[in-house]
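Working notes, beginning with the structure itself.
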Amino acid sequence: MKYYFIIIAIFIMIISFLGSGVTTSNLDWYNNLELPAYTPDGSIIGIIWTIIFILLFLSISIYYNRAFRNKRFYFVLILFVVNGILNALWSFLFFGAHLIGAAILEMIILEITTISLIILIRPTSKLASILLYLYAIWVGFATILAYNILTLNI
């Protein structure tokens, strides 16, 4: 068995657990906010994030397995780690610290890193790149949602 599969899976699980732990412990605050009518139910959000994390695992695993070990390879791995940290940080900013504005700015950076991963991975594997599309779409949607939450609760 290849150890990188395990390392990638553990990293993604840590990011997932950190984010969901902060989110779950602050749902009372979130449920007291005025939310846009199009806000998805929490169970839908959980399903979407589960799918995104699975697709992220597959994408990075495919890339890791196929890419040449050059500067681009190591840059993509560093960007993947930064993206994961930003992913968890968003939960801390939004749900933990209740800093919706800061969370929105952070989400813009998260979106930039996600789109950068899509672009950088594409030459090595079109499939691995496509697997990240849902992630980019969701982060864009979540950014708009957070902005509307901010404006509704000023």
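Naming scheme: A, B, ... for chains in displayed order of the structure tokens; residues 1 onward per chain; ligands 1 onward as shown.
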- Message: When DSSP is applied to the backbone of this structure, which of chain A are assigned alpha helix (DSSP H)? Write them out as number ranges by chain.
- Response: A: 3-25, 27-31, 42-66, 71-91, 100-121, 126-130, 133-152
Can you build me a table of range 125-146 of chain A residues sitting at most 9 Å from range 36-49 of chain A, with the closest atom pair per residue and its distance in Å to one decimal, using only C-alpha atoms, sorted by chain and residue number, as JSON lines?
```
{"residue": "A:Leu134", "atom": "CA", "partner": "A:Ile48", "partner_atom": "CA", "distance": 8.9}
{"residue": "A:Tyr135", "atom": "CA", "partner": "A:Trp49", "partner_atom": "CA", "distance": 8.4}
{"residue": "A:Trp138", "atom": "CA", "partner": "A:Ile48", "partner_atom": "CA", "distance": 8.3}
{"residue": "A:Leu145", "atom": "CA", "partner": "A:Thr39", "partner_atom": "CA", "distance": 7.2}
```
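Among the candidate residues A:Leu150, A:Ala67, A:Ile109, A:Val139, the one lying nearest to Pro123 in chain A is A:Ala67, with distances computed using only C-alpha atoms.
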- Item | Who sits within 10 Å of range 27-33 of chain A, only C-alpha atoms, same chain under 4 positions skipped, as number ranges by chain | A: 22-23, 42, 94-96, 98, 149-150, 152-153
Output N, CA and C atoms for every residue in that selection, as a PDB file, in the first residue's frame.
```pdb
ATOM      1  N   VAL A  22     -15.715  23.047  15.179  1.00  0.00           N
ATOM      2  CA  VAL A  22     -15.984  24.457  15.472  1.00  0.00           C
ATOM      3  C   VAL A  22     -17.398  24.820  15.038  1.00  0.00           C
ATOM      4  N   THR A  23     -17.797  24.329  13.871  1.00  0.00           N
ATOM      5  CA  THR A  23     -19.134  24.626  13.349  1.00  0.00           C
ATOM      6  C   THR A  23     -20.209  24.086  14.284  1.00  0.00           C
ATOM      7  N   GLY A  42     -28.552  22.502   7.007  1.00  0.00           N
ATOM      8  CA  GLY A  42     -27.281  22.002   7.524  1.00  0.00           C
ATOM      9  C   GLY A  42     -26.930  20.602   7.057  1.00  0.00           C
ATOM     10  N   PHE A  94     -15.541  32.258  11.007  1.00  0.00           N
ATOM     11  CA  PHE A  94     -16.979  32.459  10.896  1.00  0.00           C
ATOM     12  C   PHE A  94     -17.714  31.959  12.130  1.00  0.00           C
ATOM     13  N   PHE A  95     -17.571  30.687  12.434  1.00  0.00           N
ATOM     14  CA  PHE A  95     -18.335  30.089  13.529  1.00  0.00           C
ATOM     15  C   PHE A  95     -17.703  30.314  14.897  1.00  0.00           C
ATOM     16  N   GLY A  96     -16.380  30.186  14.983  1.00  0.00           N
ATOM     17  CA  GLY A  96     -15.721  30.301  16.278  1.00  0.00           C
ATOM     18  C   GLY A  96     -15.610  31.722  16.783  1.00  0.00           C
ATOM     19  N   HIS A  98     -16.916  34.455  15.145  1.00  0.00           N
ATOM     20  CA  HIS A  98     -18.053  35.254  14.664  1.00  0.00           C
ATOM     21  C   HIS A  98     -17.598  36.481  13.871  1.00  0.00           C
ATOM     22  N   ILE A 149     -25.299  36.987   4.557  1.00  0.00           N
ATOM     23  CA  ILE A 149     -25.508  36.852   6.005  1.00  0.00           C
ATOM     24  C   ILE A 149     -24.972  38.083   6.725  1.00  0.00           C
ATOM     25  N   LEU A 150     -23.804  38.546   6.310  1.00  0.00           N
ATOM     26  CA  LEU A 150     -23.224  39.738   6.899  1.00  0.00           C
ATOM     27  C   LEU A 150     -24.146  40.941   6.719  1.00  0.00           C
ATOM     28  N   LEU A 152     -27.317  41.042   6.146  1.00  0.00           N
ATOM     29  CA  LEU A 152     -28.587  40.877   6.857  1.00  0.00           C
ATOM     30  C   LEU A 152     -28.448  41.090   8.366  1.00  0.00           C
ATOM     31  N   ASN A 153     -27.232  40.976   8.876  1.00  0.00           N
ATOM     32  CA  ASN A 153     -27.038  41.006  10.333  1.00  0.00           C
ATOM     33  C   ASN A 153     -26.196  42.190  10.808  1.00  0.00           C
TER      34      ASN A 153
END
```
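The neighbours of Arg66 in chain A here are the residues that come within 12 Å of it, using only C-alpha atoms and leaving out any residue fewer than 5 positions away in the same chain; they are Ser59, Ile60, Ser61, Phe73, Ile121, Arg122, Pro123, Thr124, Ser125, Lys126, Leu127 and Ala128 of chain A.
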- Task: For Ile112 in chain A, please output as an MDAnalysis selection string all residues within 12 Å (counting only C-alpha atoms; exclusion window: fewer than 3 positions along the same chain).
- Result: chainID A and resid 79:80 82:83 86:87 105:109 115:120 135:137 139:140
- Query: Hey, which of A:Leu18, A:Leu77, A:Ile52, A:Ala103 ends up closest to Tyr64 in chain A? Count only C-alpha atoms.
  - Reply: A:Leu77
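Between CA of Tyr74 in chain A and CA of Trp90 in chain A there is a distance of 24.3 Å.
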Kindly assemble as JSON lines a list of the range 38-117 of chain A residues that lie within 7 Å of range 10-15 of chain A, each paired with its nearest atom pair and their distance in Å to one decimal, using only C-alpha atoms, sorted first by chain and then by ascending residue number.
```
{"residue": "A:Phe53", "atom": "CA", "partner": "A:Ile12", "partner_atom": "CA", "distance": 6.7}
{"residue": "A:Gly84", "atom": "CA", "partner": "A:Ile15", "partner_atom": "CA", "distance": 6.2}
{"residue": "A:Ala88", "atom": "CA", "partner": "A:Ile15", "partner_atom": "CA", "distance": 5.6}
```
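Coordinates place CA of Leu110 in chain A at a distance of 23.5 Å from CA of Tyr4 in chain A.
Remark: for Leu56 in chain A, the closest of the candidate residues A:Leu35, A:Val81, A:Leu99, A:Ala146 is A:Val81 (distances computed over only C-alpha atoms).
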- Item | Which residue of A:Asn26, A:Asn65, A:Asn70, A:Thr114 approaches Lys2 in chain A most closely, using only C-alpha atoms | A:Asn65
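For the atom pair formed by CA of Tyr3 in chain A and CA of Leu58 in chain A, the distance is 14.4 Å, given to one decimal.
Proximity to Gly21 in chain A was assessed for A:Phe92, A:Phe141, A:Tyr147, A:Tyr133 counting only C-alpha atoms; the smallest distance is recorded for A:Phe92.
The nearest approach to Phe75 in chain A among the residues A:Ser91, A:Thr113, A:Ser20, A:Thr143, with only C-alpha atoms taken into account, belongs to A:Thr113.
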